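Here is the structure we will look at, set down as structure tokens.
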Number of protein chains: 2
Amino acid sequence: MVKSCKASLDPSVCEMLEKARNTGVETVWDRYEAMLPQCGFGETGLCCRHCLQGPCRIDPFGGEPSKGICGATADVFVARGLDRAIAAGAAGHSGHARHLAHTLKKTAEGLARDYTIKDRGKLRAVAERHGIPVENRSDDEIALDLAQAALSDFNEKETPVTWAANILTEKRVKVLSEQGLLPKGIDYEIADIMHRTLYGTDADPMTLIQAGLRTAMADLAGSYIGTDISDILFGTPQPVVTEANLGVLKADAVNVAVHGHNPVLSDVIVGVAQEMAAEARAAGASGINVVGICCTGNEVMMRHGIPACTHSVSQEMALITGAVDAVVVDYQCIMPSLATVAECMGTKLITTTDVARIPGAIHINFREETAGENAREIIRIAIENFVRRQGTPVNIPARKSRVVAGFSVEAIVNALAKLNPEDPLQVLIDQFVSGNIRGVCLFAGCNNVKVPQDQNFVAVARRLLKENVLVVATGCGAGALMRHDFMDPSKVDELCGDGLKAVLTAIGEANGLGGPLPPTLHMGSCVDNSRAVALTVAIADRLGVDIDKLPVVASAAEAVSEKAVAIGSYAVAVGIPTHVGVMMPVVGGPEVTRVLTDKVRDMTGGYFIVETDPDAAAEKLLAAIDERRAGLGLRVPGGARR
Amino acid sequence: MVKSCKASLDPSVCEMLEKARNTGVETVWDRYEAMLPQCGFGETGLCCRHCLQGPCRIDPFGGEPSKGICGATADVFVARGLDRAIAAGAAGHSGHARHLAHTLKKTAEGLARDYTIKDRGKLRAVAERHGIPVENRSDDEIALDLAQAALSDFNEKETPVTWAANILTEKRVKVLSEQGLLPKGIDYEIADIMHRTLYGTDADPMTLIQAGLRTAMADLAGSYIGTDISDILFGTPQPVVTEANLGVLKADAVNVAVHGHNPVLSDVIVGVAQEMAAEARAAGASGINVVGICCTGNEVMMRHGIPACTHSVSQEMALITGAVDAVVVDYQCIMPSLATVAECMGTKLITTTDVARIPGAIHINFREETAGENAREIIRIAIENFVRRQGTPVNIPARKSRVVAGFSVEAIVNALAKLNPEDPLQVLIDQFVSGNIRGVCLFAGCNNVKVPQDQNFVAVARRLLKENVLVVATGCGAGALMRHDFMDPSKVDELCGDGLKAVLTAIGEANGLGGPLPPTLHMGSCVDNSRAVALTVAIADRLGVDIDKLPVVASAAEAVSEKAVAIGSYAVAVGIPTHVGVMMPVVGGPEVTRVLTDKVRDMTGGYFIVETDPDAAAEKLLAAIDERRAGLGLRVPGGARR
């Protein structure tokens, strides 16, 4: 049995990778090898294809060509490229949000019978935040107004996007407004980016960066809408106990992996799978085993305790087990290669949305109006596949980690309220002041094939936890940490510094867990980085300071998607020092690099830390936390730093 | 004096290029030389930078790498790239349209005192087309509703974009609807493209192409809005006599070049320049000479007879004369290099919009509310520059061409009405039937540094005119033809076949011109390709057939901008065979290439003709025209084809 490999820190992945190699199934690591060496112009952002006179490239070493054919400089190249990446990321998150807003609307209109308002309290809380009357109104009336409000945030308006202007500290809104960083409309800002990055349009790196940060704020708005409406429709997460890694697959069950990002279909699949268990048993299976991949997995884990199968770069490995009967995808981060791997391994790949078709997949034309029916059709395909695969051996690595997930802001505040019902956040603040909590770090983003899977996340988180940094995580960052036991409460002793251990234990015990909270708190999917912002804003408001004064940092240690670029950029815009652990294609532009890693502090208080070495990254994140602590007049640990 | 060179067919450009070389001023041709050889992966579209695992490239010859790291194929690479180009193009045209819609709104609200409704008839005609009541209503009331209708077309709606659904033949709307090509909202479709081209989202070349064509229709909508509102605010063009080429600059005048695309500022500059002539004379100048570059130039030429200085790839050459006091830019197609050339040549470069800043330029924060004031400030800067440059020799090539421009659809119909007041279009139809007009070709798009400037336009147009094809032109395509005398009525004899000559002469004489119309009809700027669509629709409606049955073709013989890609794509979507004379970065995807050049006919009736050889391109365009003629049962010239 393979226990380690260069590709991943996760032994289960290494095991499946060996099987893939032995059986001749091509994986992402093979394709990465074939791509080496990668183009240095593209890596540094010094390539431009924004017109038909190109492609242009700029010599990063100061030789010729030193400019594009139009005269654009290196800084213009990279700023335009950054902007388009942010626009794409914002389009992804907000496309997801729009999908949810339409679902909420159809639910309120009675057109989507498979959905209900699950969290009436959150519906009202969100409605009130956006000035929608709630007194003496039905859920459907409120929900319809809320859905309309969300949808109107996509359009250009004379007032800023409400999901940007209503969710932050008052001071932050003022900063953003003064810096021209409040978006007018989500779709509007995306279109504005595409206009200004057109041939012969914006050639000033500073206005390009400003527009990029503004569009990143539109990305935050989309993400926040996504979280809000998901909670309203599917319930606000509360702590659940579950498991993660390929070991959650069951050889004798119908295994259905839900993959992508959105709960609109996957939440229905979870319900339908329970209803159809008898059908699966009649077909000879022990039952239906729904498992998650990537953020769709996070959504159903947070709300239903559905185990996570794997994440991000290792998505193909789930199929290599031979045990997955159907992988059902919505959109984003779905490798097109799944079609081939599925074909080889006897898995049915099922696409469900128009924006993410894959040739070779079965396409189910999913509609909210017919969600239950669509889900039943999908489960039936999986059951049929289970019957067909009988007799074919499967290889499921045994390893799985215990995971306590479900830490929405509401769940965190509830847990703190057990210690101080009057003022729950005071609990956290006291621990900041005492130094038991040195700061907070959010881990987010993807696994990148360029990094041995999970290596950066694990190394940075391990160091920060020892230094009493409270770690929260989302997306495939959460996935990485959960597969390495960072969400198993029994690992607090091993992973956390004494101060943090005391805090996690006190909260856990006050909540009747008979032990600590897990070492890292799973806050949800990628859109749920909005939850991390919400928590930060709550703390800032409680302290009466702006976000850029708090000892809060973020890390996208193994980022891939343009969504991660957008997330990192809004983190910087709201005032958070933000680590990126892979090369960003802006480093070819010296001025842009200087602005993003330094000068932007004068605008927003946040900045990027681009550092591919995880140990150095941890040091830089600690230094950023300590600088903020010092700014607040809090004790900075002396001997703790090296 | 230099008369010819490899860079351009235009002797004035060659002359200035020699001056640039002699004085050490870097030009676009120098930067192009420095860029050679260009990256073959980028040229064929086989490079992808849509995530941080890349850059990826695919071997066009079938070797490794054969896929992206995620598993995306060559066809996915090129389809995603095409989609983003179309999205950028649509964002550009629609950003321009939005600017005009806001100007119309502010005008109606009395907030923009420097603007008035110039064409009340067009205001009413456009309003009626969009179901806005006009009876007993003031201009401002109608204009406000119309501006709102235009602005709402940017947003996602349950009904299609009205500027797509209300401007085409009924049959075409049905085709587009059935094929999923009717856009829901302009910004919405742009955001949808950015979502589906995100890492791990759409991996099906066919849905990617479908979304691209739908977004191209959003580009047409934006363009059409741009034309409509420009005509309402600044007047619908009627034939004017003017001149083109560097010879329109005057050594003893304050030369102000307006460059970019939008008439919102430039139209005001034209008026203010007249008012301020005395101020210029007091400073020792003979007057203020406003000249145009690119489409801003087309806008003011069409409405005011302002001469065109130069176009597209030769924009730097205007400054090389040393005679331009100020070049005032709005947005799009403005080479950032102008800042350096302006610095070298003593020209003031003035930027005016937030979306198109250039370091080194003077920035005037142009607002519609202060348009006149902004324009006066600009003219004053130019006058000061004139004073400063006295004593410095200028070099203005003498050459200029006579140009008759201003052929809006309204102007064309008016001209035809002199021959048949009851049914003006019947005049054209009779000539189609008789064969005096074999077909129509629209020339559009840019000059590309990869092609000796104007070569493709001139070669293809020359051949088609001889074959009695009615040639209309827009944008820098019109610029190319005007600088080579194709808009000089005295050249009809030399350029046109006998049938076409007879038609142009009959119309010209009926209109009291004492001679023919010019060999090619200038229909306006790039957004005014909408006029070509409108003319085609009018003819189709008159004949009771759909656009894809008409002997109408288009050619972007030297395309550069992503806008040209979007225009070409909507031409294909509305059913027009469309030539592109430069390599499109889709040729690396065999299936996508096959779809765009052939299979798309089954969807829309239109298709791309990618042909870099102008003689071969002309043959293919003639063949496409003849195929359509045969389909209509019209005589196909026998001996005329070779």
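Scheme for the structure tokens: letters A, B, ... for chains in order shown; per-chain residue numbers from 1; ligand numbers from 1 in order shown.
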Residues of region 399-612 of chain B classed as alpha helix (DSSP H) by DSSP on the backbone are to be reported as JSON, numbers by chain. {"B": [409, 410, 411, 412, 413, 414, 415, 416, 417, 424, 425, 426, 427, 428, 429, 430, 431, 432, 433, 434, 455, 456, 457, 458, 459, 460, 461, 462, 463, 464, 465, 466, 475, 476, 477, 478, 479, 480, 481, 482, 492, 493, 494, 495, 498, 499, 500, 501, 502, 503, 504, 505, 506, 507, 508, 509, 510, 529, 530, 531, 532, 533, 534, 535, 536, 537, 538, 539, 540, 541, 542, 543, 562, 563, 564, 565, 566, 567, 568, 569, 570, 571, 572, 573, 590, 591, 592, 593, 594, 600, 601, 602, 603, 604]}
Quick one: DSSP strand (DSSP E or B) residues in region 13-84 of chain B, as a PyMOL selection string? chain B and resi 47-48+51+56-57
Just to be explicit: take each residue in the selection above, keep all heavy atoms, and write the result as a CSV table (one decimal), in the first residue's frame.
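New file result.csv:
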```csv
chain,number,residue,atom,x,y,z
B,47,CYS,N,-3.6,28.4,-26.1
B,47,CYS,CA,-3.0,28.8,-24.8
B,47,CYS,C,-4.1,29.1,-23.9
B,47,CYS,O,-5.1,29.7,-24.3
B,47,CYS,CB,-2.0,29.9,-25.0
B,47,CYS,SG,-1.8,31.1,-23.7
B,48,CYS,N,-4.0,28.7,-22.6
B,48,CYS,CA,-5.1,29.0,-21.7
B,48,CYS,C,-4.5,29.5,-20.4
B,48,CYS,O,-3.6,28.9,-19.8
B,48,CYS,CB,-6.0,27.8,-21.4
B,48,CYS,SG,-7.3,28.1,-20.2
B,51,CYS,N,-6.8,29.7,-15.2
B,51,CYS,CA,-6.6,29.4,-13.7
B,51,CYS,C,-5.1,29.4,-13.4
B,51,CYS,O,-4.3,29.6,-14.2
B,51,CYS,CB,-7.2,28.0,-13.4
B,51,CYS,SG,-6.1,26.6,-13.8
B,56,CYS,N,-1.4,26.8,-19.6
B,56,CYS,CA,-1.4,25.6,-20.4
B,56,CYS,C,-1.3,25.9,-21.9
B,56,CYS,O,-1.8,27.0,-22.3
B,56,CYS,CB,-2.6,24.8,-20.1
B,56,CYS,SG,-2.7,24.1,-18.5
B,57,ARG,N,-0.8,25.0,-22.6
B,57,ARG,CA,-0.7,25.1,-24.1
B,57,ARG,C,-0.9,23.7,-24.7
B,57,ARG,O,-0.6,22.7,-24.0
B,57,ARG,CB,0.6,25.7,-24.5
B,57,ARG,CG,1.8,24.8,-24.2
B,57,ARG,CD,3.1,25.4,-24.3
B,57,ARG,NE,4.2,24.4,-24.1
B,57,ARG,CZ,4.5,23.9,-22.9
B,57,ARG,NH1,4.0,24.4,-21.8
B,57,ARG,NH2,5.4,23.0,-22.7
```
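Near Lys122 (chain B), within 9 Å and counting only C-alpha atoms, sit Lys118, Asp119, Ala125, Val126, Ala127, Asp228, Ile229, Asp231, Ile232, Gly235 and Thr236 of chain B; same-chain residues fewer than 3 positions away were not included.
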Nearest residue to Ala532 (chain A) out of A:Leu596, A:Leu442, A:Thr159, A:Val328, using only C-alpha atoms? A:Leu442
Do you have the CA of Glu158 (chain A)-CA of Val329 (chain B) distance handy? 26.0 Å
So that I can check the surroundings of region 398-412 of chain B, please list as number ranges by chain every protein, DNA and RNA residue that reaches within 8 Å of it, counting only C-alpha atoms and ignoring chain neighbours fewer than 4 positions away. B: 12, 236-248, 301-303, 305, 416, 482-485, 487-489, 518, 521-524, 531-532, 534-535
